[in-house]
$ cat protein_38.txt   # compact mmCIF, C-alpha atoms
# COMPACT_ATOMS: atom_id res chain seq x y z
CA MET A 11 -116.82 37.50 -135.53
CA LYS A 12 -114.54 35.72 -133.09
CA ALA A 13 -115.77 32.93 -130.83
CA ILE A 14 -114.25 30.37 -128.47
CA ALA A 15 -115.28 26.83 -129.33
CA VAL A 16 -114.37 23.23 -128.66
CA GLU A 17 -114.33 20.20 -130.94
CA PRO A 18 -115.28 16.78 -129.56
CA GLY A 19 -112.26 15.10 -128.04
CA ALA A 20 -109.95 18.03 -128.78
CA GLY A 21 -109.37 18.70 -125.10
CA GLU A 22 -108.80 22.44 -125.44
CA PRO A 23 -110.78 25.46 -126.61
CA VAL A 24 -109.85 27.27 -129.82
CA LEU A 25 -110.48 30.75 -131.19
CA VAL A 26 -112.56 30.55 -134.38
CA GLU A 27 -114.24 32.85 -136.90
CA THR A 28 -118.00 32.47 -137.26
CA PRO A 29 -120.69 34.61 -138.90
CA ARG A 30 -122.32 37.27 -136.75
CA PRO A 31 -125.88 36.12 -136.04
CA ASP A 32 -128.98 38.00 -137.13
CA PRO A 33 -131.82 38.21 -134.59
CA ALA A 34 -135.07 36.51 -135.54
CA PRO A 35 -138.42 38.10 -134.68
CA GLY A 36 -138.72 38.32 -130.90
CA GLU A 37 -134.95 38.11 -130.47
CA ALA A 38 -132.38 40.78 -129.65
CA LEU A 39 -128.77 41.00 -130.77
CA VAL A 40 -126.41 41.26 -127.80
CA ARG A 41 -122.79 42.38 -127.86
CA THR A 42 -120.91 40.18 -125.42
CA LEU A 43 -118.93 41.87 -122.65
CA ARG A 44 -117.67 39.10 -120.37
CA VAL A 45 -118.19 35.35 -120.02
CA GLY A 46 -117.21 33.40 -116.91
CA VAL A 47 -115.43 30.04 -116.89
CA ASP A 48 -116.49 27.31 -114.47
CA GLY A 49 -116.20 23.59 -113.82
CA THR A 50 -118.92 22.73 -116.32
CA ASP A 51 -116.89 24.39 -119.08
CA HIS A 52 -113.91 22.22 -118.18
CA GLU A 53 -116.13 19.12 -118.22
CA VAL A 54 -117.43 20.05 -121.69
CA ILE A 55 -113.88 20.68 -122.94
CA ALA A 56 -112.76 17.30 -121.59
CA GLY A 57 -115.71 15.57 -123.28
CA HIS A 58 -117.28 14.41 -120.02
CA HIS A 59 -120.45 16.48 -120.35
CA GLY A 60 -122.64 18.12 -122.98
CA ASN A 61 -123.11 17.59 -126.72
CA LEU A 62 -123.02 19.47 -130.01
CA PRO A 63 -125.89 21.33 -131.67
CA ASP A 64 -127.50 19.37 -134.48
CA GLY A 65 -125.31 19.45 -137.58
CA ALA A 66 -122.42 21.27 -135.90
CA ASP A 67 -118.83 20.03 -135.72
CA ARG A 68 -117.95 22.16 -132.69
CA LEU A 69 -119.64 23.91 -129.78
CA VAL A 70 -119.26 27.57 -128.87
CA LEU A 71 -118.59 27.56 -125.15
CA GLY A 72 -119.87 29.75 -122.34
CA HIS A 73 -123.01 29.96 -120.21
CA GLU A 74 -122.11 32.65 -117.64
CA ALA A 75 -122.44 35.83 -119.66
CA VAL A 76 -123.19 39.52 -119.54
CA GLY A 77 -123.67 41.76 -122.54
CA VAL A 78 -125.23 44.92 -123.89
CA VAL A 79 -128.17 45.07 -126.31
CA GLU A 80 -126.86 46.06 -129.74
CA ASP A 81 -130.15 45.68 -131.66
CA ALA A 82 -133.43 45.47 -129.72
CA ASN A 83 -135.14 44.33 -132.95
CA GLY A 84 -138.63 45.46 -131.92
CA THR A 85 -138.56 43.77 -128.50
CA ASP A 86 -139.26 45.52 -125.20
CA LEU A 87 -135.52 45.86 -124.58
CA GLU A 88 -133.54 48.99 -125.38
CA GLU A 89 -130.26 49.45 -127.23
CA GLY A 90 -127.49 50.01 -124.72
CA GLN A 91 -129.26 48.05 -121.99
CA TYR A 92 -127.09 45.64 -120.01
CA VAL A 93 -128.45 42.10 -119.84
CA VAL A 94 -127.62 38.64 -118.54
CA PRO A 95 -128.88 35.63 -120.55
CA THR A 96 -130.43 32.58 -118.94
CA VAL A 97 -129.13 29.20 -120.10
CA ARG A 98 -131.92 26.76 -120.98
CA ARG A 99 -133.98 26.81 -124.17
CA ALA A 100 -136.78 24.57 -125.43
CA PRO A 101 -135.77 22.17 -128.23
CA ASN A 102 -137.88 22.17 -131.39
CA GLY A 103 -140.35 24.69 -130.08
CA GLY A 104 -141.92 24.92 -126.65
CA ASN A 105 -143.04 22.33 -124.17
CA GLU A 106 -145.05 22.40 -120.97
CA TYR A 107 -142.07 23.23 -118.74
CA PHE A 108 -141.16 26.32 -120.73
CA GLU A 109 -144.81 27.32 -121.08
CA ARG A 110 -145.09 27.29 -117.28
CA GLY A 111 -141.87 29.29 -116.88
CA GLU A 112 -140.14 26.28 -115.30
CA PRO A 113 -137.30 25.39 -117.71
CA ASP A 114 -135.10 24.38 -114.79
CA MET A 115 -137.51 21.56 -113.96
CA ALA A 116 -137.53 20.09 -117.47
CA PRO A 117 -136.14 16.54 -117.62
CA GLU A 118 -133.32 15.50 -119.92
CA GLY A 119 -134.40 15.62 -123.55
CA LYS A 120 -136.84 18.46 -122.92
CA TYR A 121 -134.27 21.25 -123.15
CA VAL A 122 -131.01 22.43 -124.64
CA GLU A 123 -128.48 24.50 -122.72
CA ARG A 124 -126.47 27.31 -124.26
CA GLY A 125 -122.81 26.38 -124.29
CA ILE A 126 -123.41 22.96 -122.76
CA VAL A 127 -126.07 20.71 -124.29
CA GLY A 128 -127.13 20.99 -127.91
CA ALA A 129 -126.87 24.79 -128.33
CA HIS A 130 -124.03 27.24 -128.90
CA GLY A 131 -122.99 29.32 -125.93
CA PHE A 132 -122.14 32.96 -125.36
CA MET A 133 -118.34 32.98 -125.83
CA ALA A 134 -118.60 35.00 -129.02
CA GLU A 135 -118.46 38.68 -129.82
CA TYR A 136 -122.24 38.67 -130.41
CA PHE A 137 -125.14 36.36 -129.67
CA THR A 138 -128.89 36.45 -130.18
CA SER A 139 -131.59 35.42 -127.74
CA PRO A 140 -135.34 35.71 -127.32
CA ALA A 141 -135.97 38.78 -125.18
CA GLU A 142 -137.74 36.72 -122.50
CA TYR A 143 -134.41 35.04 -121.68
CA LEU A 144 -132.47 38.29 -121.28
CA VAL A 145 -132.53 39.72 -117.75
CA PRO A 146 -131.66 43.42 -117.35
CA ILE A 147 -128.83 44.23 -114.94
CA PRO A 148 -127.78 47.68 -113.67
CA GLU A 149 -124.77 49.18 -115.44
CA ARG A 150 -122.80 49.39 -112.19
CA LEU A 151 -123.04 45.58 -111.78
CA ALA A 152 -122.24 44.76 -115.41
CA PRO A 153 -118.50 44.10 -114.83
CA LEU A 154 -119.50 41.25 -112.50
CA GLY A 155 -122.58 40.18 -114.44
CA PHE A 156 -120.98 36.84 -115.34
CA LEU A 157 -121.43 35.88 -111.66
CA VAL A 158 -125.23 36.14 -111.92
CA GLU A 159 -125.65 32.66 -113.44
CA PRO A 160 -123.77 30.80 -110.68
CA ILE A 161 -125.52 32.88 -108.02
CA SER A 162 -128.86 31.96 -109.63
CA ILE A 163 -128.01 28.28 -109.13
CA THR A 164 -127.75 28.90 -105.40
CA GLU A 165 -130.90 31.03 -105.39
CA LYS A 166 -132.82 28.05 -106.73
CA ALA A 167 -131.14 25.61 -104.34
CA LEU A 168 -132.09 27.75 -101.36
CA GLU A 169 -135.65 28.21 -102.62
CA HIS A 170 -136.07 24.44 -102.82
CA ALA A 171 -134.41 23.87 -99.45
CA VAL A 172 -136.80 26.33 -97.80
CA ALA A 173 -139.76 24.76 -99.61
CA SER A 174 -138.81 21.33 -98.24
CA ARG A 175 -138.96 22.74 -94.68
CA SER A 176 -142.10 24.85 -95.21
CA ALA A 177 -144.31 22.58 -93.09
CA PHE A 178 -142.74 23.96 -89.90
CA ASP A 179 -140.81 26.94 -88.54
CA TRP A 180 -137.29 26.52 -89.96
CA GLU A 181 -134.65 29.19 -89.53
CA PRO A 182 -131.16 27.81 -90.19
CA GLU A 183 -128.54 28.99 -87.71
CA SER A 184 -125.68 26.84 -89.01
CA ALA A 185 -124.64 25.89 -92.54
CA VAL A 186 -121.88 23.88 -94.18
CA VAL A 187 -120.75 24.33 -97.77
CA LEU A 188 -119.07 21.24 -99.20
CA GLY A 189 -116.57 22.49 -101.76
CA ASN A 190 -114.34 25.57 -101.86
CA GLY A 191 -114.51 26.15 -105.59
CA SER A 192 -115.95 29.38 -106.93
CA LEU A 193 -119.59 28.24 -106.57
CA GLY A 194 -119.00 27.11 -103.00
CA LEU A 195 -117.30 30.39 -102.12
CA ILE A 196 -120.06 32.48 -103.70
CA THR A 197 -122.63 30.48 -101.75
CA LEU A 198 -120.68 30.90 -98.52
CA ALA A 199 -120.60 34.65 -99.08
CA MET A 200 -124.37 34.64 -99.63
CA PHE A 201 -124.87 32.68 -96.39
CA GLU A 202 -122.76 35.21 -94.49
CA THR A 203 -123.77 38.53 -96.05
CA VAL A 204 -127.19 38.04 -97.65
CA LEU A 205 -128.86 35.43 -95.42
CA ASP A 206 -126.92 36.33 -92.25
CA ILE A 207 -126.63 32.72 -91.05
CA ASP A 208 -124.98 32.73 -87.63
CA ARG A 209 -122.34 30.03 -88.06
CA THR A 210 -120.94 28.83 -91.36
CA TYR A 211 -118.32 26.30 -92.42
CA CYS A 212 -116.69 25.42 -95.73
CA LEU A 213 -115.08 22.07 -96.48
CA GLY A 214 -112.23 21.59 -98.92
CA ARG A 215 -108.96 19.76 -99.57
CA ARG A 216 -106.44 22.61 -99.71
CA ASP A 217 -103.22 23.18 -97.84
CA ARG A 218 -102.45 26.52 -96.27
CA PRO A 219 -101.63 29.08 -97.46
CA HIS A 220 -104.34 29.19 -100.15
CA PRO A 221 -106.48 32.06 -101.50
CA THR A 222 -109.73 30.16 -101.03
CA ILE A 223 -108.98 29.53 -97.37
CA ASP A 224 -108.16 33.22 -96.98
CA LEU A 225 -111.55 34.08 -98.49
CA ILE A 226 -113.37 31.62 -96.24
CA GLU A 227 -111.84 33.03 -93.10
CA ALA A 228 -112.17 36.66 -94.21
CA LEU A 229 -115.91 36.00 -94.47
CA GLY A 230 -115.89 34.94 -90.82
CA SER A 231 -116.43 31.29 -91.70
CA THR A 232 -114.53 28.20 -90.51
CA TYR A 233 -112.44 26.17 -92.95
CA ILE A 234 -112.70 22.38 -92.62
CA ASP A 235 -110.01 20.22 -94.23
CA SER A 236 -111.79 17.04 -95.29
CA ARG A 237 -108.53 15.09 -94.94
CA GLU A 238 -108.59 15.86 -91.22
CA THR A 239 -112.36 16.02 -90.63
CA PRO A 240 -114.48 13.92 -93.02
CA VAL A 241 -118.06 15.03 -93.58
CA PRO A 242 -119.63 12.48 -91.16
CA GLU A 243 -117.38 13.76 -88.36
CA ILE A 244 -118.36 17.43 -88.73
CA PRO A 245 -121.08 17.23 -86.02
CA ASP A 246 -118.62 15.89 -83.45
CA VAL A 247 -115.74 18.23 -84.30
CA HIS A 248 -117.84 21.34 -84.93
CA GLU A 249 -121.63 21.01 -84.83
CA PRO A 250 -124.46 19.44 -86.84
CA ALA A 251 -125.69 21.75 -89.60
CA ASP A 252 -129.20 22.97 -90.27
CA LEU A 253 -128.25 23.36 -93.94
CA VAL A 254 -125.65 21.52 -96.01
CA TYR A 255 -124.86 22.72 -99.54
CA GLU A 256 -123.01 20.08 -101.59
CA ALA A 257 -121.01 21.49 -104.51
CA THR A 258 -118.26 18.90 -104.97
CA GLY A 259 -119.67 16.20 -107.22
CA HIS A 260 -118.07 13.67 -104.86
CA ALA A 261 -120.70 10.93 -104.82
CA LYS A 262 -120.11 9.81 -101.24
CA HIS A 263 -120.88 13.31 -99.98
CA ALA A 264 -124.53 12.90 -100.95
CA PHE A 265 -124.88 10.15 -98.38
CA GLU A 266 -122.47 11.61 -95.83
CA THR A 267 -124.55 14.79 -95.83
CA VAL A 268 -127.24 12.90 -93.90
CA ASP A 269 -124.80 12.41 -91.02
CA ALA A 270 -123.72 16.06 -91.07
CA LEU A 271 -127.27 17.37 -90.74
CA ALA A 272 -128.92 18.47 -87.51
CA PRO A 273 -132.44 17.21 -86.77
CA ASN A 274 -134.91 18.91 -89.15
CA GLY A 275 -132.01 19.86 -91.42
CA VAL A 276 -131.87 19.78 -95.21
CA GLY A 277 -129.06 19.01 -97.61
CA VAL A 278 -129.12 20.37 -101.16
CA LEU A 279 -127.10 18.42 -103.73
CA LEU A 280 -125.68 20.23 -106.78
CA GLY A 281 -122.55 18.30 -107.73
CA VAL A 282 -122.79 15.92 -110.70
CA PRO A 283 -120.60 12.84 -110.06
CA GLU A 284 -119.15 10.35 -112.48
CA PRO A 285 -120.47 6.75 -112.14
CA TRP A 286 -119.06 5.21 -108.98
CA GLU A 287 -120.16 2.10 -107.09
CA PHE A 288 -119.55 1.86 -103.36
CA GLU A 289 -121.25 0.45 -100.26
CA VAL A 290 -123.43 2.45 -97.89
CA ASP A 291 -125.41 1.48 -94.81
CA GLY A 292 -128.79 2.19 -96.37
CA GLY A 293 -130.74 1.15 -93.32
CA ARG A 294 -128.90 3.56 -91.04
CA LEU A 295 -129.30 6.46 -93.48
CA HIS A 296 -132.98 5.70 -93.91
CA ARG A 297 -133.38 5.67 -90.13
CA GLU A 298 -131.59 9.03 -89.79
CA LEU A 299 -133.83 10.64 -92.39
CA VAL A 300 -137.02 9.35 -90.80
CA LEU A 301 -136.36 9.67 -87.07
CA HIS A 302 -134.76 13.11 -87.32
CA ASN A 303 -136.94 14.69 -90.02
CA LYS A 304 -133.99 15.24 -92.35
CA ALA A 305 -134.28 15.87 -96.08
CA LEU A 306 -132.12 15.73 -99.20
CA VAL A 307 -132.99 17.81 -102.28
CA GLY A 308 -131.36 17.58 -105.69
CA THR A 309 -131.36 20.69 -107.87
CA VAL A 310 -129.93 21.83 -111.21
CA ASN A 311 -130.14 24.94 -113.38
CA SER A 312 -132.37 27.96 -112.63
CA HIS A 313 -135.06 30.14 -114.21
CA ARG A 314 -135.52 33.85 -114.85
CA GLY A 315 -136.84 34.58 -111.36
CA HIS A 316 -133.69 33.10 -109.86
CA PHE A 317 -131.58 35.31 -112.13
CA GLU A 318 -133.50 38.36 -110.95
CA SER A 319 -132.92 37.38 -107.32
CA ALA A 320 -129.26 36.70 -108.12
CA ILE A 321 -128.77 40.26 -109.36
CA ASP A 322 -130.05 41.55 -106.03
CA SER A 323 -127.75 39.17 -104.13
CA LEU A 324 -124.77 40.20 -106.28
CA SER A 325 -125.40 43.82 -105.30
CA GLN A 326 -125.06 42.83 -101.63
CA LEU A 327 -121.76 40.95 -101.89
CA PRO A 328 -118.78 42.89 -100.46
CA THR A 329 -116.52 44.48 -103.05
CA TRP A 330 -113.42 43.05 -101.36
CA PHE A 331 -114.90 39.57 -101.75
CA THR A 332 -115.62 39.81 -105.48
CA ASP A 333 -112.21 41.46 -106.02
CA ASP A 334 -110.47 38.48 -104.42
CA LEU A 335 -112.82 35.89 -105.93
CA VAL A 336 -112.16 36.93 -109.54
CA THR A 337 -108.50 36.09 -110.03
CA GLY A 338 -108.35 36.96 -113.73
CA VAL A 339 -110.27 38.61 -116.59
CA TYR A 340 -108.58 37.98 -119.94
CA GLY A 341 -108.99 39.49 -123.39
CA LEU A 342 -109.23 37.41 -126.54
CA GLU A 343 -105.49 37.69 -127.16
CA GLU A 344 -104.87 35.71 -123.95
CA TYR A 345 -108.12 33.75 -123.67
CA GLN A 346 -106.27 30.50 -122.93
CA SER A 347 -105.31 31.89 -119.51
CA ALA A 348 -108.99 31.97 -118.54
CA PHE A 349 -109.03 28.16 -118.78
CA ASP A 350 -105.96 27.59 -116.64
CA SER A 351 -106.59 25.41 -113.60
CA ASP A 352 -103.53 26.36 -111.58
CA ASP A 353 -103.83 26.00 -107.83
CA ASP A 354 -104.16 29.75 -107.26
CA VAL A 355 -106.99 30.21 -109.79
CA VAL A 356 -110.41 30.82 -108.23
CA LYS A 357 -112.70 32.46 -110.82
CA THR A 358 -111.86 33.73 -114.29
CA ALA A 359 -113.64 35.31 -117.23
CA VAL A 360 -113.03 36.13 -120.88
CA GLU A 361 -113.60 39.75 -121.90
CA PHE A 362 -114.96 40.41 -125.39
CA GLY A 363 -115.62 44.12 -125.08
CA GLY A 364 -115.10 46.97 -122.65
CA VAL A 365 -117.49 47.10 -119.70
$ encode --input "protein_38.txt" --output "structure tokens"
Amino acid sequence: MKAIAVEPGAGEPVLVETPRPDPAPGEALVRTLRVGVDGTDHEVIAGHHGNLPDGADRLVLGHEAVGVVEDANGTDLEEGQYVVPTVRRAPNGGNEYFERGEPDMAPEGKYVERGIVGAHGFMAEYFTSPAEYLVPIPERLAPLGFLVEPISITEKALEHAVASRSAFDWEPESAVVLGNGSLGLITLAMFETVLDIDRTYCLGRRDRPHPTIDLIEALGSTYIDSRETPVPEIPDVHEPADLVYEATGHAKHAFETVDALAPNGVGVLLGVPEPWEFEVDGGRLHRELVLHNKALVGTVNSHRGHFESAIDSLSQLPTWFTDDLVTGVYGLEEYQSAFDSDDDVVKTAVEFGGV
């Protein structure tokens, strides 16, 4: 079967032939339909993130997938059922995090991640997976099923943000998304259409005209150019935010978020920065956090429950939004186009089979 893989240091994905896998007991064989491409894939390709499976000389890419069950293999699934796979797996058998159904809380070394860390991904014509990691999705949503994984990341982030404010009555009326990449835009759409937050803003570094700015404003949100209004100045130019969602990986934003928050607000940090040393006024930030009951929460990955919630959220996103968000779906004969990072690219996917 055909698969899209990367070799360490190669700097670009390649189309390879690899044997079709056979499902082990408790696993199902899934025929891949579509696999999304995101920033993590580009980091893996560049060699900045992830590692190979034991004994492998290349890694099959892809962690945002949707497929159809080809062989249920005695599991509770059914042939022809559409499914979305979760990403994390336990290395060398189970551990306490997986036993508790909390793979997203496992520390480094206690997991592998399909297509990222130590396990082949889903960019292949077929893949196998234990049935417990395959989440059914309605057929009508299958063409966009590759968006479930990124939406699940936000589902978890919001769950943890709400949990951090659970000691008092917290109903966010204003929210800022830092980053106008595909994850930031999906999150902004969720804030507007699923959570119905009154006032939303999205920060980026794009010049007009740009498709992401068009999406932001079509959602009824306000675009903030960080070159004109840095994060700490958002409260003065616009308003302090009850919720800040950081999806840039720009290390300074983690600290600047404290200044952007309203009293009792919470910032959730999802970006993963490269090492970077710089000075901050730690005393002032500490004071802000304490005297104004602010909180910062770091979060990564998601579990099955977040995927299930993500499917519901996907069903609520406007069709016009997802049409404009997905700027390209490419077959195997033109798979390289899915990895283009041209300025007008927002979200792409590789198609392995008809949906």
$ residues_around --input "protein_38.txt" --residues "Gly194 of chain A" --least-positions-apart "2" --cutoff "10 Å" --atoms "only C-alpha atoms" --output "number ranges by chain"
A: 160, 164, 186-192, 196-200, 212-214, 222, 226, 255-258
$ write_last_selection --input "protein_38.txt" --atoms "C-alpha atoms" --output "compact mmCIF listing (two decimals), keeping the file's coordinate frame"
# COMPACT_ATOMS: atom_id res chain seq x y z
CA PRO A 160 -123.77 30.80 -110.68
CA THR A 164 -127.75 28.90 -105.40
CA VAL A 186 -121.88 23.88 -94.18
CA VAL A 187 -120.75 24.33 -97.77
CA LEU A 188 -119.07 21.24 -99.20
CA GLY A 189 -116.57 22.49 -101.76
CA ASN A 190 -114.34 25.57 -101.86
CA GLY A 191 -114.51 26.15 -105.59
CA SER A 192 -115.95 29.38 -106.93
CA ILE A 196 -120.06 32.48 -103.70
CA THR A 197 -122.63 30.48 -101.75
CA LEU A 198 -120.68 30.90 -98.52
CA ALA A 199 -120.60 34.65 -99.08
CA MET A 200 -124.37 34.64 -99.63
CA CYS A 212 -116.69 25.42 -95.73
CA LEU A 213 -115.08 22.07 -96.48
CA GLY A 214 -112.23 21.59 -98.92
CA THR A 222 -109.73 30.16 -101.03
CA ILE A 226 -113.37 31.62 -96.24
CA TYR A 255 -124.86 22.72 -99.54
CA GLU A 256 -123.01 20.08 -101.59
CA ALA A 257 -121.01 21.49 -104.51
CA THR A 258 -118.26 18.90 -104.97
$ residues_near_point --input "protein_38.txt" --point "(-128.8, 23.6, -88.1)" --cutoff "7 Å" --atoms "only C-alpha atoms" --output "short mmCIF file (atom, residue, chain, number, x, y, z; two decimals) with C-alpha atoms, in the coordinates of the input"
data_model
loop_
_atom_site.label_atom_id
_atom_site.label_comp_id
_atom_site.auth_asym_id
_atom_site.auth_seq_id
_atom_site.Cartn_x
_atom_site.Cartn_y
_atom_site.Cartn_z
CA PRO A 182 -131.16 27.81 -90.19
CA GLU A 183 -128.54 28.99 -87.71
CA SER A 184 -125.68 26.84 -89.01
CA ALA A 185 -124.64 25.89 -92.54
CA PRO A 250 -124.46 19.44 -86.84
CA ALA A 251 -125.69 21.75 -89.60
CA ASP A 252 -129.20 22.97 -90.27
CA LEU A 253 -128.25 23.36 -93.94
CA LEU A 271 -127.27 17.37 -90.74
CA ALA A 272 -128.92 18.47 -87.51
CA GLY A 275 -132.01 19.86 -91.42
#
$ closest_residue --input "protein_38.txt" --among "A:His263, A:His58, A:Arg237, A:Lys120" --to "Asn102 of chain A" --atoms "only C-alpha atoms"
A:Lys120
$ closest_residue --input "protein_38.txt" --among "A:Lys304, A:Lys166, A:Arg110, A:Arg314" --to "Val97 of chain A" --atoms "all atoms listed in the file"
A:Arg314
$ closest_residue --input "protein_38.txt" --among "A:Glu22, A:His316, A:Ala152, A:Glu53" --to "Val78 of chain A" --atoms "all atoms listed in the file"
A:Ala152
$ residues_around --input "protein_38.txt" --residues "segment 25-41 of chain A" --least-positions-apart "3" --cutoff "9 Å" --atoms "only C-alpha atoms" --output "PDB file with C-alpha atoms, in the coordinates of the input"
ATOM      1  CA  MET A  11    -116.820  37.500-135.530  1.00  0.00           C
ATOM      2  CA  LYS A  12    -114.540  35.720-133.090  1.00  0.00           C
ATOM      3  CA  ALA A  13    -115.770  32.930-130.830  1.00  0.00           C
ATOM      4  CA  ILE A  14    -114.250  30.370-128.470  1.00  0.00           C
ATOM      5  CA  ALA A  15    -115.280  26.830-129.330  1.00  0.00           C
ATOM      6  CA  VAL A  16    -114.370  23.230-128.660  1.00  0.00           C
ATOM      7  CA  VAL A  76    -123.190  39.520-119.540  1.00  0.00           C
ATOM      8  CA  GLY A  77    -123.670  41.760-122.540  1.00  0.00           C
ATOM      9  CA  VAL A  78    -125.230  44.920-123.890  1.00  0.00           C
ATOM     10  CA  VAL A  79    -128.170  45.070-126.310  1.00  0.00           C
ATOM     11  CA  GLU A  80    -126.860  46.060-129.740  1.00  0.00           C
ATOM     12  CA  ASP A  81    -130.150  45.680-131.660  1.00  0.00           C
ATOM     13  CA  ALA A  82    -133.430  45.470-129.720  1.00  0.00           C
ATOM     14  CA  ASN A  83    -135.140  44.330-132.950  1.00  0.00           C
ATOM     15  CA  GLY A  84    -138.630  45.460-131.920  1.00  0.00           C
ATOM     16  CA  THR A  85    -138.560  43.770-128.500  1.00  0.00           C
ATOM     17  CA  LEU A  87    -135.520  45.860-124.580  1.00  0.00           C
ATOM     18  CA  TYR A  92    -127.090  45.640-120.010  1.00  0.00           C
ATOM     19  CA  VAL A  93    -128.450  42.100-119.840  1.00  0.00           C
ATOM     20  CA  ALA A 134    -118.600  35.000-129.020  1.00  0.00           C
ATOM     21  CA  GLU A 135    -118.460  38.680-129.820  1.00  0.00           C
ATOM     22  CA  TYR A 136    -122.240  38.670-130.410  1.00  0.00           C
ATOM     23  CA  PHE A 137    -125.140  36.360-129.670  1.00  0.00           C
ATOM     24  CA  THR A 138    -128.890  36.450-130.180  1.00  0.00           C
ATOM     25  CA  SER A 139    -131.590  35.420-127.740  1.00  0.00           C
ATOM     26  CA  PRO A 140    -135.340  35.710-127.320  1.00  0.00           C
ATOM     27  CA  ALA A 141    -135.970  38.780-125.180  1.00  0.00           C
ATOM     28  CA  GLU A 142    -137.740  36.720-122.500  1.00  0.00           C
ATOM     29  CA  LEU A 144    -132.470  38.290-121.280  1.00  0.00           C
ATOM     30  CA  LEU A 342    -109.230  37.410-126.540  1.00  0.00           C
ATOM     31  CA  TYR A 345    -108.120  33.750-123.670  1.00  0.00           C
ATOM     32  CA  PHE A 362    -114.960  40.410-125.390  1.00  0.00           C
ATOM     33  CA  GLY A 363    -115.620  44.120-125.080  1.00  0.00           C
TER      34      GLY A 363
END
$ residues_around --input "protein_38.txt" --residues "Arg124 of chain A" --least-positions-apart "5" --cutoff "7 Å" --atoms "all atoms listed in the file" --output "MDAnalysis selection string"
chainID A and resid 73 97:98 129:131
$ atom_distance --input "protein_38.txt" --atom1 "atom CA of Ser312 of chain A" --atom2 "atom CA of Ile163 of chain A"
5.6 Å
$ residues_around --input "protein_38.txt" --residues "Thr50 of chain A" --least-positions-apart "3" --cutoff "8 Å" --atoms "all atoms listed in the file" --output "MDAnalysis selection string"
chainID A and resid 53:54 59 126
$ residues_around --input "protein_38.txt" --residues "Thr337 of chain A" --least-positions-apart "2" --cutoff "9 Å" --atoms "all atoms listed in the file" --output "PyMOL selection string"
chain A and resi 333-335+339+354-359
$ closest_residue --input "protein_38.txt" --among "A:Asn105, A:Ser174, A:Ser231, A:Asn311" --to "Leu195 of chain A" --atoms "all atoms listed in the file"
A:Ser231
$ atom_distance --input "protein_38.txt" --atom1 "atom CA of Gly103 of chain A" --atom2 "atom CA of Val145 of chain A"
21.0 Å
$ atom_distance --input "protein_38.txt" --atom1 "atom CA of Val94 of chain A" --atom2 "atom CA of Ser325 of chain A"
14.4 Å
$ residues_near_point --input "protein_38.txt" --point "(-119.7, 8.7, -117.7)" --cutoff "10 Å" --atoms "all atoms listed in the file" --output "ChimeraX atom specification"
/A:57-59,283-286
$ closest_residue --input "protein_38.txt" --among "A:Ala261, A:Ala348, A:Val254, A:Leu306" --to "Glu289 of chain A" --atoms "all atoms listed in the file"
A:Ala261
$ closest_residue --input "protein_38.txt" --among "A:Ala228, A:Val70, A:Val241, A:Ile321" --to "His260 of chain A" --atoms "all atoms listed in the file"
A:Val241
$ build_atoms --input "protein_38.txt" --residues "segment 104-114 of chain A" --atoms "N, CA and C atoms" --output "mmCIF file, keeping the file's coordinate frame"
data_model
loop_
_atom_site.group_PDB
_atom_site.id
_atom_site.type_symbol
_atom_site.label_atom_id
_atom_site.label_comp_id
_atom_site.auth_asym_id
_atom_site.auth_seq_id
_atom_site.Cartn_x
_atom_site.Cartn_y
_atom_site.Cartn_z
ATOM 1 N N GLY A 104 -141.678 24.937 -128.084
ATOM 2 C CA GLY A 104 -141.920 24.920 -126.650
ATOM 3 C C GLY A 104 -142.393 23.578 -126.138
ATOM 4 N N ASN A 105 -142.401 23.460 -124.831
ATOM 5 C CA ASN A 105 -143.040 22.330 -124.170
ATOM 6 C C ASN A 105 -143.633 22.842 -122.862
ATOM 7 N N GLU A 106 -144.280 21.958 -122.129
ATOM 8 C CA GLU A 106 -145.050 22.400 -120.970
ATOM 9 C C GLU A 106 -144.190 23.055 -119.894
ATOM 10 N N TYR A 107 -142.935 22.646 -119.768
ATOM 11 C CA TYR A 107 -142.070 23.230 -118.740
ATOM 12 C C TYR A 107 -141.751 24.689 -119.065
ATOM 13 N N PHE A 108 -141.463 24.953 -120.320
ATOM 14 C CA PHE A 108 -141.160 26.320 -120.730
ATOM 15 C C PHE A 108 -142.434 27.170 -120.734
ATOM 16 N N GLU A 109 -143.551 26.573 -121.096
ATOM 17 C CA GLU A 109 -144.810 27.320 -121.080
ATOM 18 C C GLU A 109 -145.181 27.751 -119.667
ATOM 19 N N ARG A 110 -144.802 26.946 -118.676
ATOM 20 C CA ARG A 110 -145.090 27.290 -117.280
ATOM 21 C C ARG A 110 -144.007 28.176 -116.669
ATOM 22 N N GLY A 111 -142.966 28.509 -117.426
ATOM 23 C CA GLY A 111 -141.870 29.290 -116.880
ATOM 24 C C GLY A 111 -140.993 28.501 -115.942
ATOM 25 N N GLU A 112 -140.914 27.168 -116.162
ATOM 26 C CA GLU A 112 -140.140 26.280 -115.300
ATOM 27 C C GLU A 112 -139.112 25.479 -116.108
ATOM 28 N N PRO A 113 -138.277 26.146 -116.901
ATOM 29 C CA PRO A 113 -137.300 25.390 -117.710
ATOM 30 C C PRO A 113 -136.323 24.603 -116.867
ATOM 31 N N ASP A 114 -136.060 25.071 -115.663
ATOM 32 C CA ASP A 114 -135.100 24.380 -114.790
ATOM 33 C C ASP A 114 -135.631 23.058 -114.276
#
